[in-house]
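*Asks:* First, the structure itself, so that you have it in front of you.
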Amino acid sequence: MFRKFVYLLALAREKHFGRAAESCHVSQPTLSNAIRQLEEELQVPIVERGQKFEGFTPEGLKVLEYARRIVGERDSLRHELLALAQGVTGHLRLGAIPTALPVVPHVLTPFTTRFPHIRSSVVSLSSREIQRGLDEFELDAAITYLDNEPLNNVRTLPLYTERYHLLARRDDLAEELIAQGAVPWEKAASLRLCLLTPDMQNRRIADTAFRMTGRTVEPAMETNSIVTLYTIVRAGSC
């Protein structure tokens with residue numbers, strides 16, 4: 001049953017019978033037959049039948065939801081049993097929003113010091129991609145916003161409070177703005193700005209702050225990379 005669920009998850013990930021079979025290192029007939037057997041055992045149609053993969057039935061989506069949960073629990077059990085035998089091992093999959101990437105080493109370093117046999121992967125994702133990754137058990141943990149947009153089915157721990165800064169070359173700002181030490185949102189709205197892309201929650205928070213002052217901003221540039229944002233400012237483009 002576990003194997004059939006793994007095949008089903010591969011099909012959901014690849015959306016193609018051939019690629020799903022290849023990712024599971026089996027033949028396409030083997031994978032297709034296993035899913036048909038799963039349909040017979042559960043007595044529901046799981047896959048929309050056609051010449052190629054066309055999606056899942058409503059029943060299939062429900063089976064997929066449970067399959068993710070069951071396979072995730074199986075993997076957790078394996079890791080715990082292995083930990084009892086030889087210490088904690090495994091693969092930690094961590095997602096982080098771009099603005100939180102500089103914090104990742106502060107979280108991971110003590111963790112990897114305590115559990116040196118765990119391999120870690122860090123990916124930069126939007127907050128919505130993080131929620132989807134957690135829901136589908138593709139991520140084990142994440143660093144993302146706790147406020148503004150709801151988080152579902154997770155345990156949360158506050159790490160820090162985010163503050164917003166206007167980043168500019170010194171010669172691009174008027175002396176009075178520099179002297180103030182703080183720039184009002186409505187004044188920032190009049191500048192040539194580079195902002196994160198709209199799929200980033202940081203950008204949606206900033207847009208809300210601009211709207212609260214009666215301003216709508218059309219940035220000159222957009223990026224989903226903090227490093228790129230820094231280099232654009234340093235070059236004097238924004």
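In the structure tokens, each chain is lettered A, B, ... as it comes, each chain's residues begin at 1, and ligands are numbered from 1 in order of appearance.
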Please build the interface table for stretch 32-111 of chain A against stretch 121-135 of chain A with a cut-off of 6 Å, listing for each qualifying residue the nearest atom pair and the distance in Å to one decimal; count only C-alpha atoms, order rows by chain and increasing number, and write it as CSV.
*Replies:*
```
residue,atom,partner,partner_atom,distance
A:Arg93,CA,A:Ser121,CA,5.1
A:Leu94,CA,A:Val122,CA,4.9
A:Gly95,CA,A:Val123,CA,5.0
A:Ala96,CA,A:Ser124,CA,5.1
A:Ile97,CA,A:Leu125,CA,5.2
A:Pro98,CA,A:Ser124,CA,5.7
```
*Asks:* Please produce an output containing C-alpha atoms for each residue in the selection, written as a compact mmCIF listing (two decimals), in the first residue's frame.
*Replies:*
```
# COMPACT_ATOMS: atom_id res chain seq x y z
CA ARG A 93 14.03 20.44 3.88
CA LEU A 94 13.76 24.09 4.90
CA GLY A 95 11.98 26.85 2.99
CA ALA A 96 12.55 30.56 3.61
CA ILE A 97 11.15 33.77 2.22
CA PRO A 98 13.89 35.87 0.53
```
*Asks:* DSSP on the backbone, alpha helix (DSSP H) only: what residues of stretch 36-207 of chain A does that give? Format it as JSON, numbers by chain.
*Replies:* {"A": [36, 37, 38, 39, 40, 41, 42, 58, 59, 60, 61, 62, 63, 64, 65, 66, 67, 68, 69, 70, 71, 72, 73, 74, 75, 76, 77, 78, 79, 80, 81, 82, 83, 84, 85, 86, 104, 105, 106, 107, 108, 109, 110, 111, 112, 113, 114, 127, 128, 129, 130, 131, 132, 133, 134, 135, 175, 176, 177, 178, 179, 180, 185, 186, 187, 188, 201, 202, 203, 204, 205, 206, 207]}
*Asks:* What does the file look like for those residues with C-alpha atoms, as a short mmCIF file (atom, residue, chain, number, x, y, z; two decimals), in the first residue's frame?
*Replies:*
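Wrote out26.cif, looks like this:
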```cif
data_model
loop_
_atom_site.label_atom_id
_atom_site.label_comp_id
_atom_site.auth_asym_id
_atom_site.auth_seq_id
_atom_site.Cartn_x
_atom_site.Cartn_y
_atom_site.Cartn_z
CA ARG A 36 -5.62 0.67 -10.85
CA GLN A 37 -5.21 -1.80 -7.98
CA LEU A 38 -5.48 1.09 -5.53
CA GLU A 39 -8.73 2.16 -7.20
CA GLU A 40 -10.07 -1.39 -6.90
CA GLU A 41 -9.08 -1.68 -3.24
CA LEU A 42 -10.62 1.68 -2.31
CA PRO A 58 -12.59 14.49 -6.52
CA GLU A 59 -12.18 11.13 -4.79
CA GLY A 60 -8.63 10.96 -6.09
CA LEU A 61 -7.78 14.34 -4.58
CA LYS A 62 -8.98 13.10 -1.20
CA VAL A 63 -6.91 9.90 -1.56
CA LEU A 64 -3.93 12.08 -2.53
CA GLU A 65 -4.37 14.16 0.63
CA TYR A 66 -4.27 11.05 2.81
CA ALA A 67 -1.41 9.54 0.78
CA ARG A 68 0.78 12.58 1.51
CA ARG A 69 -0.01 12.32 5.20
CA ILE A 70 0.56 8.55 5.38
CA VAL A 71 3.84 8.60 3.45
CA GLY A 72 5.01 11.54 5.55
CA GLU A 73 4.25 9.61 8.73
CA ARG A 74 6.04 6.55 7.35
CA ASP A 75 9.14 8.62 6.61
CA SER A 76 9.03 10.11 10.12
CA LEU A 77 8.78 6.62 11.61
CA ARG A 78 11.79 5.45 9.59
CA HIS A 79 13.86 8.43 10.76
CA GLU A 80 12.90 7.88 14.39
CA LEU A 81 13.74 4.17 14.24
CA LEU A 82 17.06 4.97 12.57
CA ALA A 83 17.76 7.60 15.22
CA LEU A 84 17.24 5.00 17.95
CA ALA A 85 19.77 2.75 16.27
CA GLN A 86 22.53 5.19 15.26
CA VAL A 104 18.87 30.83 8.09
CA PRO A 105 22.49 30.25 9.26
CA HIS A 106 21.57 31.42 12.77
CA VAL A 107 18.87 28.73 12.86
CA LEU A 108 20.70 25.93 11.04
CA THR A 109 24.16 26.22 12.60
CA PRO A 110 23.16 25.17 16.15
CA PHE A 111 20.87 22.51 14.66
CA THR A 112 23.59 20.94 12.50
CA THR A 113 26.04 21.17 15.39
CA ARG A 114 23.67 19.13 17.52
CA SER A 127 5.04 32.62 1.59
CA ARG A 128 2.31 30.97 -0.52
CA GLU A 129 4.78 28.44 -1.94
CA ILE A 130 5.93 27.71 1.61
CA GLN A 131 2.37 27.03 2.76
CA ARG A 132 1.86 24.70 -0.20
CA GLY A 133 5.17 22.92 0.49
CA LEU A 134 4.21 22.35 4.12
CA ASP A 135 0.72 21.17 3.17
CA GLU A 175 20.19 65.86 2.52
CA GLU A 176 17.01 66.66 4.45
CA LEU A 177 15.86 63.04 4.13
CA ILE A 178 19.20 61.80 5.40
CA ALA A 179 19.07 64.23 8.31
CA GLN A 180 15.59 63.06 9.29
CA TRP A 185 6.02 56.18 3.17
CA GLU A 186 4.41 58.93 1.08
CA LYS A 187 7.85 60.47 0.44
CA ALA A 188 9.31 57.07 -0.48
CA GLN A 201 4.31 38.84 1.04
CA ASN A 202 6.89 41.51 1.87
CA ARG A 203 5.77 43.38 -1.26
CA ARG A 204 2.10 43.01 -0.37
CA ILE A 205 2.80 44.45 3.09
CA ALA A 206 4.68 47.38 1.54
CA ASP A 207 1.88 48.01 -0.97
#
```
*Asks:* Suppose you want the space between atom CA of A:Thr144 and atom CA of A:Leu92; what is it in Å?
*Replies:*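 Atom-to-atom, atom CA of A:Thr144 to atom CA of A:Leu92, that is 16.5 Å.
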*Asks:* Hey, which of A:Thr89, A:Ser27, A:Thr223, A:Asn148 ends up closest to A:Ser120? Count only C-alpha atoms.
*Replies:* A:Thr89
*Asks:* Choose the residue, out of A:Ile226, A:Arg13, A:Val183, A:Ala209, that has the smallest atom-to-atom separation from A:Thr197; count only C-alpha atoms.
*Replies:*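 Result for the nearest residue to A:Thr197: A:Ile226.
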*Asks:* Using only C-alpha atoms, pick whichever of A:His91, A:Lys52, A:Lys4, A:His117 has the shortest atom-to-atom distance to A:His16.
*Replies:*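 Selected residue with least distance to A:His16: A:Lys52.
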*Asks:* If you run DSSP on the backbone here, which positions in stretch 10-93 of chain A get strand (DSSP E or B)? Please write them as a PyMOL selection string.
*Replies:* chain A and resi 47+56+90-93
*Asks:* Hey, can you spit out that residue selection with N, CA, C and O atoms as a PDB file, in the first residue's frame?
*Replies:*
```
ATOM      1  N   VAL A  47      -7.961   8.495 -10.903  1.00  0.00           N
ATOM      2  CA  VAL A  47      -7.384   9.255 -12.010  1.00  0.00           C
ATOM      3  C   VAL A  47      -8.423   9.410 -13.112  1.00  0.00           C
ATOM      4  O   VAL A  47      -9.155   8.467 -13.433  1.00  0.00           O
ATOM      5  N   PHE A  56      -6.897  14.379 -11.447  1.00  0.00           N
ATOM      6  CA  PHE A  56      -7.477  13.470 -10.470  1.00  0.00           C
ATOM      7  C   PHE A  56      -8.963  13.752 -10.303  1.00  0.00           C
ATOM      8  O   PHE A  56      -9.427  14.885 -10.442  1.00  0.00           O
ATOM      9  N   GLY A  90      19.033  11.847   8.464  1.00  0.00           N
ATOM     10  CA  GLY A  90      17.938  12.176   7.558  1.00  0.00           C
ATOM     11  C   GLY A  90      18.229  13.423   6.749  1.00  0.00           C
ATOM     12  O   GLY A  90      19.370  13.885   6.637  1.00  0.00           O
ATOM     13  N   HIS A  91      17.169  13.976   6.183  1.00  0.00           N
ATOM     14  CA  HIS A  91      17.275  15.126   5.290  1.00  0.00           C
ATOM     15  C   HIS A  91      16.272  16.177   5.736  1.00  0.00           C
ATOM     16  O   HIS A  91      15.067  15.942   5.736  1.00  0.00           O
ATOM     17  N   LEU A  92      16.758  17.339   6.148  1.00  0.00           N
ATOM     18  CA  LEU A  92      15.900  18.450   6.546  1.00  0.00           C
ATOM     19  C   LEU A  92      15.662  19.354   5.349  1.00  0.00           C
ATOM     20  O   LEU A  92      16.608  19.857   4.738  1.00  0.00           O
ATOM     21  N   ARG A  93      14.392  19.577   5.011  1.00  0.00           N
ATOM     22  CA  ARG A  93      14.030  20.441   3.882  1.00  0.00           C
ATOM     23  C   ARG A  93      13.425  21.721   4.458  1.00  0.00           C
ATOM     24  O   ARG A  93      12.333  21.704   5.017  1.00  0.00           O
TER      25      ARG A  93
END
```
*Asks:* Between atom CA of A:Thr228 and atom CA of A:Arg170, what distance in Å does the model show, to one decimal?
*Replies:*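 Separation of atom CA of A:Thr228 and atom CA of A:Arg170: 18.6 Å.
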